[in-house]
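Peer 1: This is my_file.pdb, which holds PDB, C-alpha atoms:
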```
ATOM      1  CA  MET A  15       0.000   0.000   0.000
ATOM      2  CA  LEU A  16       1.516   3.297  -1.174
ATOM      3  CA  PRO A  17      -0.966   6.125  -0.396
ATOM      4  CA  GLU A  18       1.541   8.776  -1.432
ATOM      5  CA  ASN A  19       1.080   7.641  -5.053
ATOM      6  CA  MET A  20      -2.623   8.478  -5.094
ATOM      7  CA  GLY A  21      -3.878  10.718  -7.902
ATOM      8  CA  GLU A  22      -7.076  11.867  -9.555
ATOM      9  CA  HIS A  23      -7.003   9.395 -12.460
ATOM     10  CA  LEU A  24      -6.749   5.739 -11.503
ATOM     11  CA  GLY A  25      -7.001   2.348 -13.138
ATOM     12  CA  ILE A  26      -7.875  -1.024 -11.655
ATOM     13  CA  ASP A  27      -7.180  -4.446 -13.107
ATOM     14  CA  GLU A  28      -6.354  -7.999 -12.138
ATOM     15  CA  THR A  29      -3.361 -10.147 -13.000
ATOM     16  CA  SER A  30      -2.033 -13.548 -11.971
ATOM     17  CA  PHE A  31       1.287 -14.515 -10.405
ATOM     18  CA  CYS A  32       2.164 -18.068  -9.349
ATOM     19  CA  HIS A  33      -1.393 -19.373  -9.717
ATOM     20  CA  GLU A  34      -2.802 -16.509  -7.628
ATOM     21  CA  VAL A  35      -4.831 -13.566  -8.900
ATOM     22  CA  TYR A  36      -4.020 -10.070  -7.583
ATOM     23  CA  THR A  37      -5.929  -6.798  -7.848
ATOM     24  CA  ILE A  38      -3.713  -3.858  -8.799
ATOM     25  CA  ILE A  39      -4.635  -0.192  -8.331
ATOM     26  CA  HIS A  40      -2.401   2.264 -10.174
ATOM     27  CA  ASN A  41      -2.064   5.984 -10.796
ATOM     28  CA  LYS A  42      -2.243   6.829 -14.507
ATOM     29  CA  ASP A  43      -0.178   9.954 -14.026
ATOM     30  CA  GLY A  44       2.775   7.710 -13.160
ATOM     31  CA  HIS A  45       2.878   6.519 -16.811
ATOM     32  CA  GLY A  46       4.170   3.083 -15.832
ATOM     33  CA  ARG A  47       7.260   4.416 -14.063
ATOM     34  CA  GLU A  48       7.875   5.521 -10.467
ATOM     35  CA  HIS A  49       4.872   6.531  -8.342
ATOM     36  CA  THR A  50       2.552   4.355 -10.441
ATOM     37  CA  ILE A  51       1.471   1.465  -8.207
ATOM     38  CA  ILE A  52      -0.822   2.349  -5.316
ATOM     39  CA  ALA A  53      -1.785  -1.089  -4.020
ATOM     40  CA  ILE A  54      -1.487  -4.778  -4.900
ATOM     41  CA  VAL A  55      -4.071  -6.897  -3.084
ATOM     42  CA  LYS A  56      -4.234 -10.674  -3.176
ATOM     43  CA  GLY A  57      -7.500 -11.952  -4.651
ATOM     44  CA  THR A  58     -10.396 -10.296  -6.456
ATOM     45  CA  LYS A  59     -13.117 -10.765  -3.860
ATOM     46  CA  PRO A  60     -14.631  -7.270  -3.402
ATOM     47  CA  SER A  61     -15.008  -7.511   0.385
ATOM     48  CA  ASP A  62     -11.333  -8.456   0.866
ATOM     49  CA  VAL A  63     -10.003  -5.791  -1.503
ATOM     50  CA  ILE A  64     -12.293  -3.086  -0.072
ATOM     51  CA  LYS A  65     -11.132  -3.892   3.445
ATOM     52  CA  VAL A  66      -7.517  -3.243   2.435
ATOM     53  CA  LEU A  67      -8.177  -0.130   0.339
ATOM     54  CA  MET A  68     -10.333   1.515   2.984
ATOM     55  CA  SER A  69      -7.141   2.048   4.982
ATOM     56  CA  LEU A  70      -6.267   4.782   2.480
ATOM     57  CA  PRO A  71      -6.944   8.289   3.859
ATOM     58  CA  GLU A  72     -10.481   9.420   3.104
ATOM     59  CA  GLU A  73      -9.416  12.810   1.757
ATOM     60  CA  VAL A  74      -7.260  11.222  -0.978
ATOM     61  CA  ARG A  75      -9.955   8.689  -1.872
ATOM     62  CA  MET A  76     -12.492  11.476  -2.365
ATOM     63  CA  LYS A  77     -10.174  13.344  -4.745
ATOM     64  CA  VAL A  78     -10.310  10.568  -7.359
ATOM     65  CA  THR A  79     -12.290  11.867 -10.370
ATOM     66  CA  ASP A  80     -12.315   8.810 -12.651
ATOM     67  CA  ILE A  81     -11.257   5.182 -12.606
ATOM     68  CA  THR A  82     -11.030   2.901 -15.630
ATOM     69  CA  MET A  83     -11.609  -0.849 -15.678
ATOM     70  CA  ASP A  84     -12.731  -3.758 -17.821
ATOM     71  CA  LEU A  85     -16.231  -5.290 -17.809
ATOM     72  CA  SER A  86     -15.721  -6.997 -14.443
ATOM     73  CA  ASN A  87     -18.502  -6.582 -11.885
ATOM     74  CA  SER A  88     -16.144  -7.142  -8.951
ATOM     75  CA  MET A  89     -13.873  -4.279 -10.047
ATOM     76  CA  ALA A  90     -16.896  -1.967 -10.291
ATOM     77  CA  ALA A  91     -18.076  -2.957  -6.798
ATOM     78  CA  ILE A  92     -14.640  -2.125  -5.381
ATOM     79  CA  ALA A  93     -14.513   1.248  -7.163
ATOM     80  CA  ARG A  94     -18.001   2.318  -6.027
ATOM     81  CA  GLU A  95     -17.265   1.528  -2.412
ATOM     82  CA  VAL A  96     -13.723   2.870  -2.103
ATOM     83  CA  PHE A  97     -13.959   5.820  -4.518
ATOM     84  CA  PRO A  98     -17.612   6.946  -4.317
ATOM     85  CA  LYS A  99     -17.038  10.258  -6.119
ATOM     86  CA  ALA A 100     -15.084   8.755  -9.013
ATOM     87  CA  MET A 101     -16.632   8.308 -12.455
ATOM     88  CA  ILE A 102     -16.391   4.692 -13.611
ATOM     89  CA  VAL A 103     -15.210   4.321 -17.205
ATOM     90  CA  ARG A 104     -15.514   0.925 -18.870
ATOM     91  CA  ASP A 105     -12.615   0.332 -21.226
ATOM     92  CA  CYS A 106     -13.700   0.620 -24.870
ATOM     93  CA  PHE A 107     -11.076  -1.914 -25.962
ATOM     94  CA  HIS A 108     -12.674  -4.553 -23.745
ATOM     95  CA  VAL A 109     -16.047  -3.717 -25.305
ATOM     96  CA  ILE A 110     -14.649  -4.343 -28.787
ATOM     97  CA  GLN A 111     -12.908  -7.462 -27.461
ATOM     98  CA  ARG A 112     -16.252  -8.799 -26.217
ATOM     99  CA  CYS A 113     -17.742  -8.263 -29.675
ATOM    100  CA  GLY A 114     -14.665  -9.877 -31.222
ATOM    101  CA  GLU A 115     -15.325 -12.951 -29.107
ATOM    102  CA  ALA A 116     -18.844 -13.064 -30.555
ATOM    103  CA  VAL A 117     -17.452 -12.977 -34.109
ATOM    104  CA  ASP A 118     -14.988 -15.726 -33.177
ATOM    105  CA  GLU A 119     -17.855 -17.871 -31.870
ATOM    106  CA  ILE A 120     -19.542 -17.544 -35.277
ATOM    107  CA  ARG A 121     -16.263 -18.424 -37.020
ATOM    108  CA  LEU A 122     -15.804 -21.517 -34.853
ATOM    109  CA  ARG A 123     -19.395 -22.617 -35.504
ATOM    110  CA  LEU A 124     -18.862 -22.301 -39.244
ATOM    111  CA  LYS A 125     -15.545 -24.135 -38.946
ATOM    112  CA  ARG A 126     -17.210 -27.053 -37.142
ATOM    113  CA  GLU A 127     -19.799 -27.214 -39.917
ATOM    114  CA  ALA A 128     -17.035 -27.143 -42.544
ATOM    115  CA  VAL A 129     -15.160 -29.954 -40.766
ATOM    116  CA  ALA A 130     -18.353 -32.037 -40.653
ATOM    117  CA  GLU A 131     -18.983 -31.338 -44.349
ATOM    118  CA  GLN A 132     -15.420 -32.345 -45.231
ATOM    119  CA  LYS A 133     -15.828 -35.543 -43.222
ATOM    120  CA  ARG A 134     -19.020 -36.385 -45.125
ATOM    121  CA  GLU A 135     -17.236 -35.739 -48.433
ATOM    122  CA  ARG A 136     -14.388 -38.044 -47.379
ATOM    123  CA  ILE A 137     -16.826 -40.827 -46.488
ATOM    124  CA  GLU A 138     -18.710 -40.360 -49.761
ATOM    125  CA  PHE A 139     -15.385 -40.419 -51.657
ATOM    126  CA  LYS A 140     -14.439 -43.762 -50.088
ATOM    127  CA  LYS A 141     -17.878 -45.178 -50.839
ATOM    128  CA  GLN A 142     -17.592 -44.067 -54.452
ATOM    129  CA  LEU A 143     -14.194 -45.794 -54.731
ATOM    130  CA  GLU A 144     -15.724 -49.019 -53.387
ATOM    131  CA  ARG A 145     -18.664 -48.779 -55.811
ATOM    132  CA  ASN A 146     -16.306 -48.238 -58.754
ATOM    133  CA  ALA A 147     -14.174 -51.193 -57.636
ATOM    134  CA  ARG A 148     -17.226 -53.482 -57.500
ATOM    135  CA  ARG A 149     -18.315 -52.348 -60.968
ATOM    136  CA  ARG A 150     -14.842 -53.027 -62.370
ATOM    137  CA  ARG A 151     -14.757 -56.522 -60.883
ATOM    138  CA  ALA A 152     -18.200 -57.275 -62.263
ATOM    139  CA  TYR A 153     -17.247 -55.924 -65.677
ATOM    140  CA  ARG A 154     -14.008 -57.942 -65.800
ATOM    141  CA  GLN A 155     -15.854 -61.121 -64.914
ATOM    142  CA  LYS A 156     -18.407 -60.487 -67.659
ATOM    143  CA  HIS A 157     -16.100 -59.086 -70.327
ATOM    144  CA  LYS A 158     -12.663 -60.627 -70.393
ATOM    145  CA  ARG A 159     -10.077 -58.472 -72.140
ATOM    146  CA  PRO A 160      -8.678 -60.141 -75.268
ATOM    147  CA  LYS A 161      -5.032 -60.976 -75.212
ATOM    148  CA  GLY A 162      -2.846 -58.157 -76.456
ATOM    149  CA  LYS A 163      -5.550 -55.465 -76.182
ATOM    150  CA  LYS A 164      -4.441 -52.348 -74.376
ATOM    151  CA  ARG A 165      -6.158 -51.290 -71.180
ATOM    152  CA  GLY A 166      -8.137 -48.081 -70.999
ATOM    153  CA  ARG A 167      -7.803 -45.359 -68.412
ATOM    154  CA  LYS A 168      -6.175 -46.544 -65.204
ATOM    155  CA  PRO A 169      -8.848 -46.834 -62.487
ATOM    156  CA  MET A 170      -8.560 -45.163 -59.119
ATOM    157  CA  ARG A 171      -7.292 -47.513 -56.430
ATOM    158  CA  LEU A 172      -9.070 -48.065 -53.136
ATOM    159  CA  ASN A 173      -6.174 -46.474 -51.243
ATOM    160  CA  THR A 174      -6.407 -43.217 -53.229
ATOM    161  CA  ALA A 175      -6.120 -40.304 -50.821
ATOM    162  CA  PHE A 176      -9.015 -37.906 -50.494
ATOM    163  CA  VAL A 177      -8.173 -34.317 -51.448
ATOM    164  CA  PRO A 178     -10.716 -31.743 -50.193
ATOM    165  CA  GLN A 179     -11.897 -29.094 -52.614
ATOM    166  CA  ALA A 180      -9.807 -25.908 -52.472
ATOM    167  CA  LEU A 181     -10.963 -22.315 -52.818
ATOM    168  CA  GLY A 182      -9.543 -19.788 -55.261
ATOM    169  CA  ASN A 183      -6.580 -19.053 -52.990
ATOM    170  CA  GLU A 184      -5.730 -22.797 -52.761
ATOM    171  CA  GLU A 185      -7.021 -23.051 -49.188
ATOM    172  CA  THR A 186      -9.797 -25.374 -48.089
ATOM    173  CA  LYS A 187     -12.823 -24.049 -46.238
ATOM    174  CA  VAL A 188     -11.485 -25.394 -42.947
ATOM    175  CA  GLU A 189      -8.053 -23.847 -43.501
ATOM    176  CA  GLY A 190      -9.533 -20.492 -44.489
ATOM    177  CA  LEU A 191     -11.787 -20.342 -41.432
ATOM    178  CA  ALA A 192      -8.885 -21.320 -39.185
ATOM    179  CA  ARG A 193      -6.478 -18.741 -40.635
ATOM    180  CA  CYS A 194      -8.927 -15.827 -40.593
ATOM    181  CA  LYS A 195      -9.160 -15.792 -36.790
ATOM    182  CA  ASN A 196      -6.945 -12.745 -36.205
ATOM    183  CA  GLN A 197      -8.053 -10.794 -39.258
ATOM    184  CA  MET A 198     -11.719 -10.997 -38.188
ATOM    185  CA  LEU A 199     -10.709  -9.028 -35.081
ATOM    186  CA  LYS A 200      -9.230  -6.199 -37.201
ATOM    187  CA  SER A 201     -10.876  -3.520 -39.299
ATOM    188  CA  ARG A 202     -10.830  -4.096 -43.043
ATOM    189  CA  ASP A 203      -8.353  -1.284 -43.754
ATOM    190  CA  GLN A 204      -5.712  -3.206 -41.771
ATOM    191  CA  TRP A 205      -5.919  -6.361 -43.892
ATOM    192  CA  THR A 206      -3.157  -7.464 -46.251
ATOM    193  CA  GLU A 207      -3.815  -8.461 -49.873
ATOM    194  CA  ASN A 208      -3.841 -12.161 -48.963
ATOM    195  CA  GLN A 209      -6.262 -11.547 -46.125
ATOM    196  CA  GLU A 210      -8.498  -9.504 -48.408
ATOM    197  CA  GLU A 211      -8.545 -12.332 -50.950
ATOM    198  CA  ARG A 212      -9.314 -14.909 -48.259
ATOM    199  CA  ALA A 213     -12.120 -12.778 -46.803
ATOM    200  CA  LYS A 214     -13.701 -12.256 -50.242
ATOM    201  CA  LEU A 215     -13.871 -16.019 -50.817
ATOM    202  CA  LEU A 216     -15.150 -16.780 -47.304
ATOM    203  CA  PHE A 217     -17.747 -14.003 -47.340
ATOM    204  CA  GLU A 218     -19.195 -15.413 -50.572
ATOM    205  CA  LEU A 219     -19.631 -18.783 -48.858
ATOM    206  CA  TYR A 220     -20.603 -17.447 -45.419
ATOM    207  CA  PRO A 221     -22.496 -14.117 -45.672
ATOM    208  CA  LYS A 222     -23.308 -14.283 -41.948
ATOM    209  CA  LEU A 223     -19.607 -13.963 -41.165
ATOM    210  CA  GLU A 224     -19.409 -10.816 -43.307
ATOM    211  CA  GLU A 225     -22.505  -9.396 -41.620
ATOM    212  CA  ALA A 226     -21.005  -9.976 -38.153
ATOM    213  CA  HIS A 227     -17.707  -8.347 -39.143
ATOM    214  CA  LYS A 228     -19.494  -5.286 -40.545
ATOM    215  CA  LEU A 229     -21.526  -4.879 -37.361
ATOM    216  CA  ILE A 230     -18.413  -4.960 -35.197
ATOM    217  CA  ASN A 231     -16.668  -2.493 -37.492
ATOM    218  CA  SER A 232     -19.583  -0.071 -37.238
ATOM    219  CA  LEU A 233     -19.321  -0.230 -33.426
ATOM    220  CA  ARG A 234     -15.549   0.293 -33.599
ATOM    221  CA  ASN A 235     -16.083   3.398 -35.724
ATOM    222  CA  ILE A 236     -18.227   4.932 -32.978
ATOM    223  CA  PHE A 237     -15.337   4.780 -30.514
ATOM    224  CA  LYS A 238     -12.858   5.967 -33.148
ATOM    225  CA  ASN A 239     -14.846   9.143 -33.816
ATOM    226  CA  LYS A 240     -13.101  11.828 -31.735
ATOM    227  CA  SER A 241     -15.774  14.454 -32.415
ATOM    228  CA  LEU A 242     -18.642  12.607 -30.734
ATOM    229  CA  THR A 243     -20.025  13.884 -27.455
ATOM    230  CA  ARG A 244     -21.607  11.566 -24.915
ATOM    231  CA  ASP A 245     -25.162  12.324 -26.090
ATOM    232  CA  LYS A 246     -24.324  11.896 -29.779
ATOM    233  CA  ALA A 247     -22.443   8.686 -29.025
ATOM    234  CA  LYS A 248     -25.492   7.402 -27.154
ATOM    235  CA  ASP A 249     -27.682   8.042 -30.213
ATOM    236  CA  ARG A 250     -25.184   6.278 -32.473
ATOM    237  CA  LEU A 251     -24.991   3.360 -30.050
ATOM    238  CA  HIS A 252     -28.788   2.993 -30.025
ATOM    239  CA  GLN A 253     -28.784   2.999 -33.824
ATOM    240  CA  TRP A 254     -26.270   0.170 -33.652
ATOM    241  CA  TYR A 255     -28.630  -1.691 -31.291
ATOM    242  CA  ASP A 256     -31.331  -1.457 -33.968
ATOM    243  CA  LYS A 257     -29.010  -2.904 -36.611
ATOM    244  CA  VAL A 258     -28.171  -5.841 -34.360
ATOM    245  CA  THR A 259     -31.860  -6.426 -33.634
ATOM    246  CA  GLU A 260     -32.533  -6.823 -37.363
ATOM    247  CA  CYS A 261     -29.875  -9.516 -37.762
ATOM    248  CA  THR A 262     -30.250 -13.189 -36.841
ATOM    249  CA  LEU A 263     -26.848 -13.669 -35.190
ATOM    250  CA  ARG A 264     -27.432 -14.734 -31.608
ATOM    251  CA  GLU A 265     -23.742 -14.280 -30.715
ATOM    252  CA  ILE A 266     -23.791 -10.602 -31.722
ATOM    253  CA  LYS A 267     -27.070 -10.088 -29.885
ATOM    254  CA  SER A 268     -25.492 -11.542 -26.744
ATOM    255  CA  ALA A 269     -22.616  -9.039 -27.047
ATOM    256  CA  ARG A 270     -25.159  -6.241 -27.553
ATOM    257  CA  ASP A 271     -26.941  -7.239 -24.332
ATOM    258  CA  THR A 272     -23.621  -7.061 -22.472
ATOM    259  CA  ILE A 273     -23.019  -3.544 -23.800
ATOM    260  CA  LYS A 274     -26.539  -2.507 -22.826
ATOM    261  CA  ALA A 275     -25.919  -3.662 -19.252
ATOM    262  CA  TYR A 276     -22.890  -1.325 -18.921
ATOM    263  CA  GLU A 277     -24.055   1.391 -21.315
ATOM    264  CA  ASP A 278     -23.791   4.409 -18.988
ATOM    265  CA  GLU A 279     -20.291   3.497 -17.817
ATOM    266  CA  ILE A 280     -19.177   2.716 -21.382
ATOM    267  CA  LEU A 281     -20.459   6.094 -22.585
ATOM    268  CA  ASN A 282     -18.349   7.812 -19.927
ATOM    269  CA  TYR A 283     -15.453   7.169 -22.295
ATOM    270  CA  PHE A 284     -16.707  10.035 -24.466
ATOM    271  CA  ILE A 285     -16.310  12.437 -21.524
ATOM    272  CA  SER A 286     -12.745  11.727 -20.462
ATOM    273  CA  ARG A 287     -11.518   9.567 -23.399
ATOM    274  CA  SER A 288      -9.861   7.370 -20.787
ATOM    275  CA  THR A 289      -8.985   3.746 -21.421
ATOM    276  CA  ASN A 290      -7.462   1.001 -19.331
ATOM    277  CA  ALA A 291      -4.430   0.699 -21.619
ATOM    278  CA  SER A 292      -2.169   1.868 -18.799
ATOM    279  CA  ALA A 293      -3.236  -1.151 -16.714
ATOM    280  CA  GLU A 294      -2.508  -3.558 -19.562
ATOM    281  CA  SER A 295       0.881  -1.908 -20.080
ATOM    282  CA  LEU A 296       1.693  -2.192 -16.378
ATOM    283  CA  ASN A 297       0.697  -5.870 -16.379
ATOM    284  CA  SER A 298       3.018  -6.483 -19.325
ATOM    285  CA  LYS A 299       5.896  -4.796 -17.525
ATOM    286  CA  LEU A 300       5.309  -6.842 -14.370
ATOM    287  CA  LYS A 301       5.241 -10.090 -16.332
ATOM    288  CA  ALA A 302       8.349  -9.101 -18.277
ATOM    289  CA  PHE A 303      10.113  -8.384 -14.969
ATOM    290  CA  ARG A 304       8.988 -11.782 -13.686
ATOM    291  CA  SER A 305      10.355 -13.512 -16.796
ATOM    292  CA  GLN A 306      13.741 -11.851 -16.280
ATOM    293  CA  LEU A 307      13.867 -13.461 -12.844
ATOM    294  CA  ARG A 308      13.176 -16.892 -14.411
ATOM    295  CA  GLY A 309      10.006 -17.185 -12.348
ATOM    296  CA  VAL A 310       9.028 -16.159  -8.830
ATOM    297  CA  THR A 311       9.239 -18.297  -5.715
ATOM    298  CA  ASP A 312       9.189 -15.611  -3.016
ATOM    299  CA  ILE A 313       6.082 -13.554  -3.778
ATOM    300  CA  PRO A 314       6.465 -10.992  -0.932
ATOM    301  CA  PHE A 315      10.040 -10.229  -1.939
ATOM    302  CA  PHE A 316       9.005  -9.983  -5.592
ATOM    303  CA  PHE A 317       6.350  -7.378  -4.802
ATOM    304  CA  TYR A 318       8.840  -5.539  -2.605
ATOM    305  CA  ARG A 319      11.128  -5.208  -5.626
ATOM    306  CA  VAL A 320       8.133  -4.168  -7.746
ATOM    307  CA  SER A 321       7.298  -1.431  -5.233
ATOM    308  CA  LEU A 322      10.849  -0.088  -5.469
ATOM    309  CA  ILE A 323      10.666   0.100  -9.269
ATOM    310  CA  PHE A 324       7.068   1.169  -9.891
ATOM    311  CA  GLY A 325       6.218   2.575  -6.467
TER
END
```
Step by step, read the file and then write its structure as structure tokens.
Peer 2:
Amino acid sequence: MLPENMGEHLGIDETSFCHEVYTIIHNKDGHGREHTIIAIVKGTKPSDVIKVLMSLPEEVRMKVTDITMDLSNSMAAIAREVFPKAMIVRDCFHVIQRCGEAVDEIRLRLKREAVAEQKRERIEFKKQLERNARRRRAYRQKHKRPKGKKRGRKPMRLNTAFVPQALGNEETKVEGLARCKNQMLKSRDQWTENQEERAKLLFELYPKLEEAHKLINSLRNIFKNKSLTRDKAKDRLHQWYDKVTECTLREIKSARDTIKAYEDEILNYFISRSTNASAESLNSKLKAFRSQLRGVTDIPFFFYRVSLIFG
């Protein structure tokens, strides 16, 4: 606990060390250097974390104006109790990540269907080979080839390997759906030429995948627009709700319901433009420091060293 590092703009997140999850409160004005970490509390249970954080002086807790976090309910419960005057801002990147998970669920569903279709084609291919073999045997028994006459086209053997049908970019449906995982999480202007070609082929086969990607892109564009006020962003967000209602994608509708549940706190982003990127950066630095030590066996001593560097 380092109360001297308290500031007006805070972030709260959780991270794991040695199979234990810790809640970390940090000061954004520290920019990931000295005077950044305020407290590291073992566990994420709100009652336990609140008990520790309430030892901070009341006057410094009341000076906090905003605190950013992900979509965790436990983090919000801690913030409301410890920092009652702070505005809670849900991280917009976690909102887009939640929608990206919905798109990935659709991709995985389509991939499972493609795998099942490929399996059926393989079985049908083997059956066709067996049928052709039976016809050849029956034909040879009925029509014996005269001596010296050349054979016709060489028949396919029973051990002929099945080759699934490839798309225009020489990928199968299963391969294309597997390799498009990361590109479905990006906006279209960030795609390479190969990714653009793959998406064009997949979208022709699976229009629902294209519809889901367009819906997520339209939501991403709302957060990218720097000129939107909170009220205008709310109107745009409700228009996006209407678009999702018209579609038949249950995964996207589930993500929409999640956004609706945290709408007010998500829209606070358009007031302060604050994100929880500083928390993710701090977590990366802590894990990089841990990797330099080749792992951690003495947790208290590790956090003591962390406090000297980031505290």
Peer 1: Which residues, named as in the file, does the PyMOL selection byres ((chain A and resi 232) around 12) pick out? Answer as a ChimeraX atom specification.
Peer 2: /A:110,113,201-202,225-231,233-239,250-251,253-255,257-258
Peer 1: Taking into account all atoms listed in the file, which residue in the set A:Gly114, A:Pro98, A:Phe176, A:Ser298 is nearest to Gln142 of chain A?
Peer 2: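 For Gln142 of chain A, the nearest of the candidates is A:Phe176.
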Peer 1: Name all residues at most 6 Å from segment 17-25 of chain A (count all atoms listed in the file; drop same-chain ones fewer than 6 positions away) and give them as a list in words.
Peer 2: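 The contact residues come out as Ile39, His40, Asn41, Lys42, His49, Ile52, Lys77, Val78, Thr79, Asp80, Ile81 and Thr82 of chain A.
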Peer 1: Counting all atoms listed in the file, find the residues whose atoms lie at most 7 Å from (-20.3, -6.9, -25.3) (file coordinates) and write them out as a PyMOL selection string.
Peer 2: chain A and resi 109+112-113+269-273
Peer 1: Closest to Ala116 of chain A among A:Leu219, A:Ile280, A:Ile137, A:Ile266, using only C-alpha atoms?
Peer 2: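 Smallest distance to Ala116 of chain A is found for A:Ile266.
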Peer 1: Got a sec to resolve the PyMOL selection byres ((chain A and resi 198) around 8) on this structure and send the residues as a list in words?
Peer 2: Gly114, Val117, Asp118, Cys194, Lys195, Asn196, Gln197, Leu199, Lys200, Ser201 and His227 of chain A
Peer 1: So that I can see what lies close to Lys248 of chain A, please list as a PyMOL selection string the residues with an atom at most 9 Å from it, counting all atoms listed in the file and leaving out residues fewer than 5 positions away in the same chain.
Peer 2: chain A and resi 243+253+277-278+281
Peer 1: Quick one: pull the distance between atom CA of Val96 of chain A and atom CA of Arg47 of chain A, Å, one decimal.
Peer 2: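 Pair atom CA of Val96 of chain A / atom CA of Arg47 of chain A returns 24.2 Å.
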Peer 1: What does the distance between atom CA of Pro221 of chain A and atom CA of Glu138 of chain A come to in Å, to one decimal place?
Peer 2: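 Separation of atom CA of Pro221 of chain A and atom CA of Glu138 of chain A: 26.8 Å.
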Peer 1: From the list A:Arg126, A:Arg264, A:Glu218, A:Glu131, which residue is nearest Ala192 of chain A when using only C-alpha atoms?
Peer 2: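 Checking each candidate against Ala192 of chain A, we get A:Arg126 as the closest.
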Peer 1: With the file shown as input, list the residues that the PyMOL selection byres ((chain A and resi 103) around 10) selects, as a VMD selection string.
Peer 2: chain A and resid 25 80 to 85 90 100 to 102 104 to 106 276 278 to 290
Peer 1: Taking all atoms listed in the file into account, name the residue in A:Met15, A:Leu322, A:Ile26, A:Met76 that is nearest to Ala53 of chain A.
Peer 2: A:Met15
Peer 1: Using all atoms listed in the file, which of A:Thr311, A:Asn297, A:Thr29, A:Asn183 sits nearest Phe324 of chain A?
Peer 2: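 The closest residue to Phe324 of chain A is A:Asn297.
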Peer 1: Smallest atom-to-atom distance to Lys99 of chain A: which of A:Val74, A:Ile313, A:Ile120, A:Leu307, using all atoms listed in the file?
Peer 2: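 Using all atoms listed in the file, Lys99 of chain A sits closest to A:Val74.
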Peer 1: Please indicate the distance in Å from atom CA of Arg212 of chain A to atom CA of Arg121 of chain A, rounded to one decimal place.
Peer 2: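 Atom CA of Arg212 of chain A sits 13.7 Å away from atom CA of Arg121 of chain A.
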